[in-house]
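Below is upload.txt, which holds compact mmCIF, C-alpha atoms.
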```txt
# COMPACT_ATOMS: atom_id res chain seq x y z
CA MET A 1 18.66 2.08 -3.97
CA ARG A 2 15.35 3.75 -3.07
CA GLY A 3 12.39 1.45 -2.49
CA GLY A 4 12.75 -2.05 -1.06
CA VAL A 5 10.96 -4.78 -2.97
CA ALA A 6 8.35 -6.20 -0.63
CA ALA A 7 5.39 -8.38 -1.48
CA VAL A 8 2.44 -6.77 -3.22
CA ALA A 9 -0.81 -6.60 -1.31
CA GLY A 10 -3.41 -9.32 -1.04
CA VAL A 11 -6.35 -9.61 1.34
CA ARG A 12 -6.55 -13.05 2.90
CA LEU A 13 -9.51 -14.02 5.05
CA ILE A 14 -8.70 -15.87 8.25
CA THR A 15 -12.27 -17.00 8.58
CA LYS A 16 -14.48 -15.21 11.07
CA ALA A 17 -17.29 -17.76 10.93
CA ALA A 18 -15.69 -19.99 13.55
CA VAL A 19 -15.88 -17.13 16.02
CA THR A 20 -19.26 -15.68 15.16
CA GLY A 21 -20.96 -19.05 15.02
CA LEU A 22 -20.11 -19.47 18.69
CA ILE A 23 -20.70 -15.94 19.99
CA ALA A 24 -24.43 -16.35 20.65
CA VAL A 25 -23.75 -19.42 22.79
CA LEU A 26 -20.92 -17.72 24.68
CA VAL A 27 -22.91 -14.59 25.40
CA SER A 28 -26.00 -16.51 26.49
CA LEU A 29 -23.87 -18.59 28.83
CA GLY A 30 -21.93 -15.50 29.85
CA ALA A 31 -18.62 -17.26 29.13
CA GLY A 32 -18.23 -17.51 32.87
CA GLY A 33 -20.12 -14.28 33.40
CA VAL A 34 -17.53 -12.09 31.71
CA ALA A 35 -18.47 -12.08 28.01
CA ASP A 36 -18.41 -8.53 26.63
CA ALA A 37 -20.90 -7.14 24.12
CA ARG A 38 -17.92 -6.34 21.93
CA ALA A 39 -17.53 -10.10 21.45
CA GLN A 40 -20.29 -9.86 18.85
CA GLU A 41 -17.71 -8.11 16.63
CA ILE A 42 -14.86 -10.61 16.95
CA GLY A 43 -15.62 -12.31 13.65
CA THR A 44 -15.54 -9.11 11.64
CA ASP A 45 -12.45 -7.89 13.48
CA VAL A 46 -10.50 -11.08 12.82
CA ALA A 47 -11.28 -10.87 9.10
CA GLY A 48 -10.39 -7.17 9.05
CA LEU A 49 -6.96 -7.87 10.53
CA ASN A 50 -5.93 -9.39 7.23
CA LEU A 51 -6.08 -5.96 5.60
CA CYS A 52 -3.73 -4.73 8.31
CA LEU A 53 -1.25 -7.47 7.52
CA TYR A 54 -1.20 -6.68 3.81
CA GLY A 55 -1.13 -2.91 3.60
CA ASP A 56 -3.45 -1.11 5.99
CA CYS A 57 -0.86 -1.01 8.77
CA GLU A 58 1.91 0.20 6.46
CA ALA A 59 3.49 3.15 8.30
CA ARG A 60 2.66 5.76 5.65
CA GLY A 61 -0.92 4.53 5.37
CA ALA A 62 -1.36 6.04 1.88
CA TYR A 63 0.29 3.66 -0.59
CA ALA A 64 -1.97 3.16 -3.64
CA ALA A 65 0.05 5.60 -5.78
CA ASP A 66 3.43 5.32 -4.06
CA PRO A 67 5.93 4.77 -6.92
CA PHE A 68 8.41 3.08 -4.57
CA GLY A 69 5.89 0.83 -2.83
CA MET A 70 4.77 -2.69 -3.69
CA ALA A 71 1.30 -2.80 -2.15
CA ASN A 72 -0.39 -1.94 -5.45
CA PRO A 73 0.50 -4.53 -8.15
CA GLY A 74 0.47 -1.71 -10.68
CA THR A 75 3.46 -0.01 -9.02
CA LEU A 76 5.62 -3.14 -9.19
CA PRO A 77 7.35 -2.14 -12.49
CA VAL A 78 7.87 1.45 -11.29
CA GLY A 79 9.62 0.59 -8.05
CA VAL A 80 11.85 -2.02 -9.70
CA LEU A 81 12.66 -0.89 -13.25
CA THR A 82 13.54 2.64 -12.14
CA TYR A 83 16.73 1.17 -10.66
CA VAL A 84 17.36 -2.20 -12.28
CA SER A 85 16.17 -3.05 -15.79
CA ARG A 86 17.35 -6.67 -15.57
CA GLY A 87 18.01 -8.34 -12.26
CA VAL A 88 16.84 -10.39 -9.31
CA PHE A 89 15.63 -9.08 -5.95
CA LEU A 90 15.50 -11.15 -2.79
CA SER A 91 13.51 -9.72 0.10
CA GLY A 92 12.16 -10.80 3.44
CA SER A 93 9.55 -9.26 5.72
CA TYR A 94 8.73 -9.88 9.35
CA PHE A 95 5.72 -8.48 11.19
CA ARG A 96 4.74 -8.73 14.85
CA LEU A 97 1.09 -7.84 15.33
CA THR A 98 -0.63 -7.51 18.70
CA ALA A 99 -4.28 -6.77 19.45
CA GLY A 100 -5.17 -7.03 23.11
CA GLY A 101 -3.85 -10.40 24.27
CA VAL A 102 -3.63 -11.81 20.73
CA GLY A 103 -0.16 -11.87 19.17
CA VAL A 104 0.59 -12.89 15.59
CA ASN A 105 3.94 -13.50 13.85
CA ILE A 106 4.05 -13.06 10.08
CA GLU A 107 6.95 -14.06 7.85
CA SER A 108 7.04 -13.28 4.14
CA PRO A 109 9.96 -14.00 1.76
CA SER A 110 9.78 -12.83 -1.86
CA LEU A 111 11.67 -13.38 -5.11
CA THR A 112 11.33 -10.69 -7.80
CA LEU A 113 12.64 -10.88 -11.37
CA ALA A 114 13.10 -7.75 -13.50
CA LEU A 115 13.07 -8.27 -17.29
CA ASP A 116 12.41 -4.84 -18.77
CA PRO A 117 9.54 -4.01 -19.37
CA TRP A 118 8.22 -6.89 -17.23
CA VAL A 119 8.53 -7.61 -13.50
CA LEU A 120 7.57 -11.01 -12.06
CA GLN A 121 7.26 -11.95 -8.39
CA VAL A 122 6.58 -14.99 -6.21
CA ASN A 123 5.77 -14.45 -2.55
CA VAL A 124 5.02 -16.78 0.37
CA VAL A 125 3.26 -15.61 3.54
CA HIS A 126 2.90 -17.57 6.75
CA ALA A 127 1.04 -16.12 9.75
CA GLU A 128 0.56 -17.83 13.08
CA GLY A 129 -0.54 -16.60 16.50
CA ASP A 130 -2.80 -16.95 19.51
CA GLY A 131 -3.97 -15.20 22.66
CA ALA A 132 -7.01 -13.94 24.55
CA ALA A 133 -9.50 -11.45 23.14
CA ASP A 134 -10.15 -8.58 25.56
CA SER A 135 -13.91 -9.01 25.14
CA LEU A 136 -13.73 -12.71 26.13
CA PRO A 137 -11.40 -13.12 29.11
CA GLY A 138 -10.24 -16.69 29.51
CA SER A 139 -10.48 -17.40 25.81
CA ASN A 140 -7.65 -18.52 23.57
CA LEU A 141 -7.93 -17.64 19.89
CA ASN A 142 -5.50 -19.60 17.72
CA LEU A 143 -4.99 -18.83 14.05
CA ARG A 144 -2.74 -19.98 11.25
CA THR A 145 -2.70 -19.15 7.54
CA THR A 146 -0.36 -19.85 4.64
CA MET A 147 -0.52 -18.46 1.14
CA VAL A 148 1.49 -18.39 -2.07
CA ARG A 149 1.03 -15.42 -4.39
CA LEU A 150 2.21 -14.75 -7.93
CA ALA A 151 2.40 -11.26 -9.40
CA ALA A 152 3.29 -9.73 -12.76
CA GLY A 153 3.55 -6.13 -13.85
CA VAL A 154 4.50 -4.30 -17.03
CA ASP A 155 5.50 -0.70 -17.75
CA LEU A 156 3.47 0.07 -20.88
CA GLY A 157 5.63 3.10 -21.59
CA ARG A 158 8.56 0.75 -22.25
CA THR A 159 6.59 -1.37 -24.74
CA GLY A 160 5.62 -0.76 -28.33
CA LEU A 161 2.33 0.71 -27.10
CA GLY A 162 4.20 3.81 -25.98
CA LEU A 163 1.78 4.62 -23.14
CA LYS A 164 4.28 6.73 -21.25
CA GLY A 165 3.95 6.65 -17.49
CA LEU A 166 1.32 3.91 -17.35
CA SER A 167 1.98 0.61 -15.56
CA ILE A 168 -0.40 -2.24 -14.82
CA GLY A 169 -0.10 -5.37 -12.71
CA LEU A 170 -1.96 -8.42 -11.47
CA LEU A 171 -1.62 -10.44 -8.27
CA ALA A 172 -3.08 -13.96 -8.06
CA GLY A 173 -3.17 -16.24 -5.05
CA VAL A 174 -2.38 -19.89 -5.71
CA PRO A 175 -5.46 -22.03 -4.92
CA GLY A 176 -5.13 -24.83 -2.40
CA THR A 177 -3.53 -22.98 0.49
CA THR A 178 -5.44 -22.87 3.77
CA SER A 179 -6.40 -20.94 6.89
CA ASP A 180 -7.27 -22.50 10.25
CA LEU A 181 -8.77 -20.94 13.36
CA SER A 182 -9.88 -22.28 16.73
CA LEU A 183 -11.42 -20.82 19.88
CA ALA A 184 -10.94 -22.50 23.26
CA PHE A 185 -11.82 -21.86 26.91
CA ASP A 186 -9.79 -23.48 29.71
CA GLY A 187 -8.53 -26.12 27.31
CA PHE A 188 -11.97 -26.88 25.83
CA THR A 189 -12.02 -26.25 22.06
CA ALA A 190 -15.42 -24.73 21.39
CA ALA A 191 -15.06 -23.93 17.69
CA THR A 192 -12.77 -24.67 14.77
CA SER A 193 -12.81 -23.41 11.21
CA HIS A 194 -10.92 -24.50 8.13
CA GLY A 195 -10.76 -22.32 5.03
CA ASP A 196 -9.62 -23.37 1.56
CA HIS A 197 -8.40 -20.44 -0.54
CA GLU A 198 -10.14 -20.56 -3.91
CA VAL A 199 -10.01 -17.16 -5.64
CA ALA A 200 -7.64 -14.28 -4.90
CA LEU A 201 -7.15 -11.68 -7.63
CA ALA A 202 -5.83 -8.14 -7.41
CA PRO A 203 -5.50 -6.02 -10.58
CA GLY A 204 -3.83 -2.63 -10.24
CA MET A 205 -2.73 0.40 -12.24
CA HIS A 206 -0.36 3.35 -11.77
CA TRP A 207 0.27 6.48 -13.83
CA ARG A 208 3.01 9.04 -13.35
CA GLY A 209 3.60 12.25 -15.25
CA GLY A 210 4.65 15.87 -15.18
CA GLN A 211 8.15 17.25 -14.80
CA ASP A 212 10.33 14.64 -13.07
CA ASP A 213 7.18 12.47 -12.66
CA TRP A 214 6.01 14.64 -9.77
CA PHE A 215 2.34 13.61 -10.17
CA ASN A 216 1.29 9.99 -9.48
CA VAL A 217 -2.10 8.29 -9.32
CA GLY A 218 -2.83 4.67 -8.57
CA ALA A 219 -5.67 2.26 -7.84
CA PHE A 220 -6.18 -1.44 -7.26
CA MET A 221 -8.89 -3.88 -6.31
CA ASN A 222 -8.67 -7.15 -4.40
CA ALA A 223 -11.33 -9.85 -4.75
CA GLU A 224 -11.32 -12.94 -2.52
CA ARG A 225 -13.51 -16.04 -2.27
CA HIS A 226 -12.82 -18.98 0.04
CA HIS A 227 -14.68 -22.12 1.06
CA GLU A 228 -15.17 -22.59 4.81
CA THR A 229 -15.95 -25.56 7.02
CA LEU A 230 -17.12 -24.55 10.49
CA GLN A 231 -17.51 -26.86 13.47
CA VAL A 232 -19.02 -25.56 16.72
CA THR A 233 -19.39 -27.49 19.99
CA ASP A 234 -21.93 -26.18 22.50
CA PRO A 235 -20.04 -25.97 25.84
CA ALA A 236 -23.24 -26.77 27.77
CA THR A 237 -24.51 -29.83 25.86
CA PHE A 238 -21.31 -30.84 23.98
CA THR A 239 -23.42 -31.07 20.84
CA THR A 240 -21.37 -30.47 17.69
CA THR A 241 -22.74 -28.89 14.54
CA GLN A 242 -21.01 -28.38 11.19
CA GLN A 243 -21.61 -25.83 8.44
CA HIS A 244 -20.17 -25.26 4.97
CA GLY A 245 -20.17 -22.01 3.07
CA THR A 246 -18.05 -19.27 1.52
CA SER A 247 -16.36 -16.03 2.56
CA ASN A 248 -16.03 -13.13 0.16
CA ALA A 249 -14.15 -9.85 0.32
CA TRP A 250 -13.85 -6.78 -1.89
CA PHE A 251 -11.14 -4.25 -1.15
CA LEU A 252 -10.69 -1.05 -3.20
CA ARG A 253 -7.94 1.59 -2.91
CA ALA A 254 -7.22 4.73 -4.94
CA GLY A 255 -4.84 7.56 -4.26
CA LEU A 256 -2.45 10.35 -5.19
CA SER A 257 1.28 10.73 -4.55
CA LEU A 258 2.85 14.14 -5.22
CA VAL A 259 6.18 15.95 -5.04
CA PRO A 260 4.90 19.50 -4.37
CA ALA A 261 8.31 21.15 -4.76
CA VAL A 262 8.13 20.72 -8.55
CA PRO A 263 4.93 22.70 -9.27
CA LEU A 264 5.85 25.20 -6.53
CA GLY A 265 9.13 25.94 -8.32
CA VAL A 266 11.47 25.16 -5.42
CA ALA A 267 12.90 21.91 -6.80
CA GLU A 268 15.45 23.60 -9.07
CA GLY A 269 18.91 24.40 -7.84
CA SER A 270 21.77 22.51 -6.25
CA SER A 271 21.62 23.81 -2.68
CA PRO A 272 21.06 21.37 0.20
CA MET A 273 17.60 22.84 0.81
CA ASN A 274 16.61 22.41 -2.85
CA GLU A 275 17.67 18.79 -2.56
CA LEU A 276 15.49 18.31 0.53
CA TYR A 277 12.50 19.97 -1.15
CA ARG A 278 12.81 17.53 -4.08
CA GLU A 279 12.68 14.62 -1.63
CA VAL A 280 9.40 15.53 0.10
CA ARG A 281 6.53 13.35 -1.14
CA LEU A 282 2.91 13.68 0.05
CA ALA A 283 0.18 11.10 -0.48
CA ALA A 284 -3.53 10.53 0.15
CA ASP A 285 -5.74 7.44 -0.33
CA ILE A 286 -9.39 6.55 -0.07
CA GLU A 287 -10.37 3.00 0.82
CA TYR A 288 -13.52 0.90 0.62
CA ARG A 289 -13.83 -2.60 2.06
CA ASN A 290 -16.68 -5.12 1.96
CA ILE A 291 -16.49 -8.44 3.82
CA SER A 292 -19.08 -11.20 4.11
CA SER A 293 -18.69 -14.61 5.72
CA LEU A 294 -20.47 -17.83 6.56
CA GLY A 295 -23.15 -17.19 9.18
CA GLU A 296 -22.93 -13.39 9.00
CA GLY A 297 -24.24 -10.48 7.01
CA THR A 298 -22.09 -8.14 4.94
CA ARG A 299 -19.98 -5.41 6.53
CA SER A 300 -18.58 -2.42 4.65
CA ALA A 301 -16.45 0.55 5.69
CA GLN A 302 -14.63 3.54 4.22
CA ALA A 303 -11.54 5.43 5.37
CA GLY A 304 -9.06 8.07 4.27
CA TYR A 305 -5.27 7.89 4.65
CA PHE A 306 -2.64 10.64 4.52
CA GLY A 307 1.13 10.17 4.51
CA ALA A 308 4.53 11.63 3.70
CA ASP A 309 8.15 10.65 2.88
CA VAL A 310 10.93 13.11 3.79
CA ARG A 311 14.70 12.80 3.26
CA LEU A 312 16.31 13.20 6.70
CA LEU A 313 19.51 14.90 5.47
CA PRO A 314 20.72 16.24 2.13
CA ASP A 315 23.85 14.60 0.78
CA ALA A 316 26.03 17.59 1.72
CA TRP A 317 25.11 17.19 5.41
CA ASN A 318 25.09 13.39 5.51
CA PRO A 319 28.36 11.95 6.89
CA LEU A 320 27.35 8.49 5.59
CA VAL A 321 26.34 9.60 2.10
CA ASP A 322 28.81 7.22 0.44
CA TYR A 323 26.92 4.31 1.99
CA LEU A 324 23.43 5.29 3.14
CA ARG A 325 20.52 7.69 2.66
CA VAL A 326 17.80 7.89 5.33
CA TYR A 327 14.16 8.84 4.90
CA VAL A 328 11.43 9.36 7.51
CA ILE A 329 8.05 7.86 6.59
CA GLY A 330 4.79 8.51 8.43
CA GLY A 331 1.06 8.97 8.14
CA ALA A 332 -2.38 8.99 9.77
CA ASP A 333 -5.93 7.93 8.88
CA THR A 334 -9.43 9.21 9.48
CA ASN A 335 -10.08 6.51 12.10
CA GLY A 336 -7.35 7.76 14.42
CA GLY A 337 -4.62 5.38 13.29
CA TRP A 338 -1.03 6.42 12.67
CA GLY A 339 2.37 5.03 11.75
CA ILE A 340 6.01 6.01 11.52
CA GLY A 341 9.04 4.33 9.99
CA ALA A 342 12.39 4.76 8.32
CA GLY A 343 13.65 4.15 4.82
CA LEU A 344 17.28 3.01 4.89
CA TYR A 345 18.53 2.96 1.32
CA GLY A 346 22.05 1.92 0.40
CA ASN A 347 24.18 4.27 -1.66
CA GLY A 348 27.47 3.89 -3.49
CA VAL A 349 28.95 0.46 -2.82
CA LEU A 350 25.80 -0.47 -0.84
CA GLU A 351 23.23 0.69 -3.39
CA PHE A 352 21.95 -2.87 -3.79
CA LEU A 353 20.64 -2.95 -0.18
CA SER A 354 17.54 -1.43 1.45
CA CYS A 355 15.61 -1.83 4.71
CA ASN A 356 12.36 -0.40 6.01
CA PRO A 357 11.66 -0.75 9.76
CA ALA A 358 8.31 0.67 10.90
CA TYR A 359 5.70 0.84 13.66
CA SER A 360 1.99 1.56 13.31
CA SER A 361 -1.05 1.66 15.58
CA ARG A 362 -4.56 1.36 14.16
CA PRO A 363 -8.00 1.05 15.87
CA LEU A 364 -8.99 -1.95 13.76
CA ALA A 365 -10.07 -4.68 16.20
CA GLU A 366 -11.74 -3.32 19.32
CA SER A 367 -13.13 -6.71 20.31
CA LEU A 368 -9.57 -8.08 20.54
CA GLY A 369 -8.03 -4.97 22.08
CA ASP A 370 -8.22 -1.19 21.96
CA ARG A 371 -5.76 -0.97 19.06
CA VAL A 372 -3.72 -3.10 16.70
CA ASP A 373 0.01 -2.47 17.10
CA ILE A 374 2.42 -3.78 14.50
CA TRP A 375 6.20 -3.75 14.28
CA ALA A 376 7.52 -4.50 10.82
CA ALA A 377 10.76 -4.76 8.90
CA THR A 378 11.39 -5.46 5.22
CA CYS A 379 14.88 -5.81 3.79
CA SER A 380 15.91 -6.37 0.16
CA VAL A 381 19.04 -7.12 -1.82
CA ALA A 382 19.33 -6.58 -5.59
CA PHE A 383 21.46 -8.59 -8.03
CA PRO A 384 21.70 -6.86 -11.46
CA LEU A 385 22.05 -9.19 -14.44
```

For the file at hand, write its structure as structure tokens.
Amino acid sequence: MRGGVAAVAGVRLITKAAVTGLIAVLVSLGAGGVADARAQEIGTDVAGLNLCLYGDCEARGAYAADPFGMANPGTLPVGVLTYVSRGVFLSGSYFRLTAGGVGVNIESPSLTLALDPWVLQVNVVHAEGDGAADSLPGSNLNLRTTMVRLAAGVDLGRTGLGLKGLSIGLLAGVPGTTSDLSLAFDGFTAATSHGDHEVALAPGMHWRGGQDDWFNVGAFMNAERHHETLQVTDPATFTTTQQHGTSNAWFLRAGLSLVPAVPLGVAEGSSPMNELYREVRLAADIEYRNISSLGEGTRSAQAGYFGADVRLLPDAWNPLVDYLRVYVIGGADTNGGWGIGAGLYGNGVLEFLSCNPAYSSRPLAESLGDRVDIWAATCSVAFPL
């Protein structure tokens, strides 16, 4: 089965205010004489890492219109109902993210229910990690976040509306989950922050059309608002101050996903090469992000992403065709990031299984380290009803 069912995307702010509220003190004191000017960016970088965890470090990079992906809530019915009209999917994801000396482990199980034309999903994410930021030697940044997300999608072409090719979806975070962050030096905790997740909504849409659905477009938006409590202790006077406020984030993605062999006229035929041509998919996304947090101004950025899926071998050349088909997935972005991975999709008696191991490297958090490196694996099993 092509396309493992992973969790749909959702930006979650691990609050940056706890870091930025302390930076001025650290820099003025020199943090032992070694504080780096890049430390001024730690808060923004920590918040930006959340986008990496929930889509931006996906190996292909371009995923807004991917009909087999789950990052856009609007593609949820496409990736599921294409293969199973009624059934249950169980999936689990593990990510290991490193940025400089900071390492984070992320675990994310999901349960997806297909009831044609609807698809429903519940997903839990837990992330926990610590380590030293390159710009603040001797520091220990500790972070932990937990979230529960509910998603629903519907293929409007399978309803009485008859809007062929159009799917829509909505992701909503369950209020009441939390994020915690602390920053310490030589055992002294200089700052802590607690965030209560209040609003997390992500509507998305996807449209596919043309011969064999070769042309796909997709877009989604993520809106987040969380209440923060920040406590900072001055390491020179041991005076503690406390602030309350909110963090907000807007994240927009739009893209194309194409099978160029169809309009080029090389998809017809039964030869091994024709089969390979039909299994080449190209994609491109544009992204806009806007993040604001307690004690800071607003930061915005734009980027472009380009990716591809390619079948490794046609069935005639694949000695394991009765059990497995293998795809190569990769991409790059306009900031110098890149990723590569594999799509391992069961066939025949194993068609209910799929796995997607991947690696990506993105220049997203220079204050923590030169690049963010992430190893990831998502595996799914389908149970038709």

Note to self: So, with only C-alpha atoms as the atoms that count, which of A:Ala236, A:Ala184, A:Ile329, A:Leu256 lies closest to Gly209 (chain A)?
What the structure shows: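 Of the candidates, the smallest distance to Gly209 (chain A) is held by A:Leu256.
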
Next item on the list: Excluding region 146-149 of chain A and residues on its chain fewer than 6 positions from it, collect all residues at most 6 Å away from it, counting all atoms listed in the file, and give them as a ChimeraX atom specification.
Entry: /A:122-126,172-174,177-178

Take the residues from that selection and put them in a file with C-alpha atoms, as an mmCIF file, in the coordinates of the input.
```
data_model
loop_
_atom_site.group_PDB
_atom_site.id
_atom_site.type_symbol
_atom_site.label_atom_id
_atom_site.label_comp_id
_atom_site.auth_asym_id
_atom_site.auth_seq_id
_atom_site.Cartn_x
_atom_site.Cartn_y
_atom_site.Cartn_z
ATOM 1 C CA VAL A 122 6.580 -14.990 -6.210
ATOM 2 C CA ASN A 123 5.770 -14.450 -2.550
ATOM 3 C CA VAL A 124 5.020 -16.780 0.370
ATOM 4 C CA VAL A 125 3.260 -15.610 3.540
ATOM 5 C CA HIS A 126 2.900 -17.570 6.750
ATOM 6 C CA ALA A 172 -3.080 -13.960 -8.060
ATOM 7 C CA GLY A 173 -3.170 -16.240 -5.050
ATOM 8 C CA VAL A 174 -2.380 -19.890 -5.710
ATOM 9 C CA THR A 177 -3.530 -22.980 0.490
ATOM 10 C CA THR A 178 -5.440 -22.870 3.770
#
```

Next item on the list: Find the residues near region 72-77 of chain A: any atom within 8 Å, counting all atoms listed in the file, skip ones fewer than 5 places away on the same chain, and give them as a PyMOL selection string.
Entry: chain A and resi 8-9+63-67+82+117-119+151-155+167-171+202-206+218-220

Notebook entry, point to check: Could you name the residues that touch Thr334 (chain A) at 8 Å or less, counting all atoms listed in the file, but leaving out those on the same chain fewer than 4 positions away, as number ranges by chain?
Noted result: A: 303-305

Checklist line | Pairwise distance for CA of Gly336 (chain A) and CA of Gly103 (chain A), rounded to one decimal in Å | finding: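 Computing the Euclidean distance for CA of Gly336 (chain A) and CA of Gly103 (chain A) yields 21.4 Å.
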
Notebook entry, point to check: Can you tell me how far CA of Gly341 (chain A) sits from CA of Val326 (chain A), in Å to one decimal?
Noted result: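 Interatomic distance, CA of Gly341 (chain A) to CA of Val326 (chain A): 10.5 Å.
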
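The protein and nucleic acid residues lying at most 12 Å from Val321 (chain A) are Leu312, Leu313, Pro314, Asp315, Ala316, Trp317, Asn318, Leu324, Arg325, Val326, Leu344, Tyr345, Gly346, Asn347, Gly348, Val349, Leu350 and Glu351 of chain A, with only C-alpha atoms considered and sequence neighbours fewer than 3 positions away removed.
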
Next item on the list: Grab the CA of Ala308 (chain A) to CA of Arg60 (chain A) distance for me, in Å with one decimal place.
Entry: 6.5 Å

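For Phe215 (chain A), the list of residues within 12 Å, based on all atoms listed in the file and with local chain neighbours fewer than 4 positions off taken out, reads Ala65, Asp66, Pro67, Gly165, His206, Trp207, Arg208, Gly209, Gly210, Gln211, Gly255, Leu256, Ser257, Leu258, Val259, Pro260, Ala261, Val262, Pro263, Arg281, Leu282 and Ala283 of chain A.
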
Item checked: Closest of A:Ser271, A:Asn290, A:Ser247, A:Ser380 to Ser110 (chain A) - atom-to-atom distances counting all atoms listed in the file -> A:Ser380

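Compared by their closest atoms to Leu230 (chain A), and using all atoms listed in the file, the residues A:Ala127, A:Val88, A:Leu183, A:Ala191 rank with A:Ala191 nearest.
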
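Considering the residues A:Val266, A:Ile106, A:Ala59, A:Ala190 and counting all atoms listed in the file, Ser360 (chain A) has its shortest atom-to-atom contact with A:Ala59.
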
Next item on the list: Check the smallest atom-to-atom distance from each of A:Gly87, A:Gly61, A:Gly157, A:Gly101 to Ala132 (chain A) using all atoms listed in the file, then report the winner.
Entry: A:Gly101

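Closest approach to Asn356 (chain A) from the set A:Glu279, A:Ser93, A:Asn140, A:Leu111 is made by A:Ser93, with distances taken over only C-alpha atoms.
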
Mind giving me the axis-aligned box for region 239-257 of chain A with 6 Å on every side, centre plus edges in Å to one decimal, as AutoDock Vina command-line options?
```
--center_x -11.1 --center_y -10.2 --center_z 7.8 --size_x 36.7 --size_y 53.8 --size_z 38.0
```
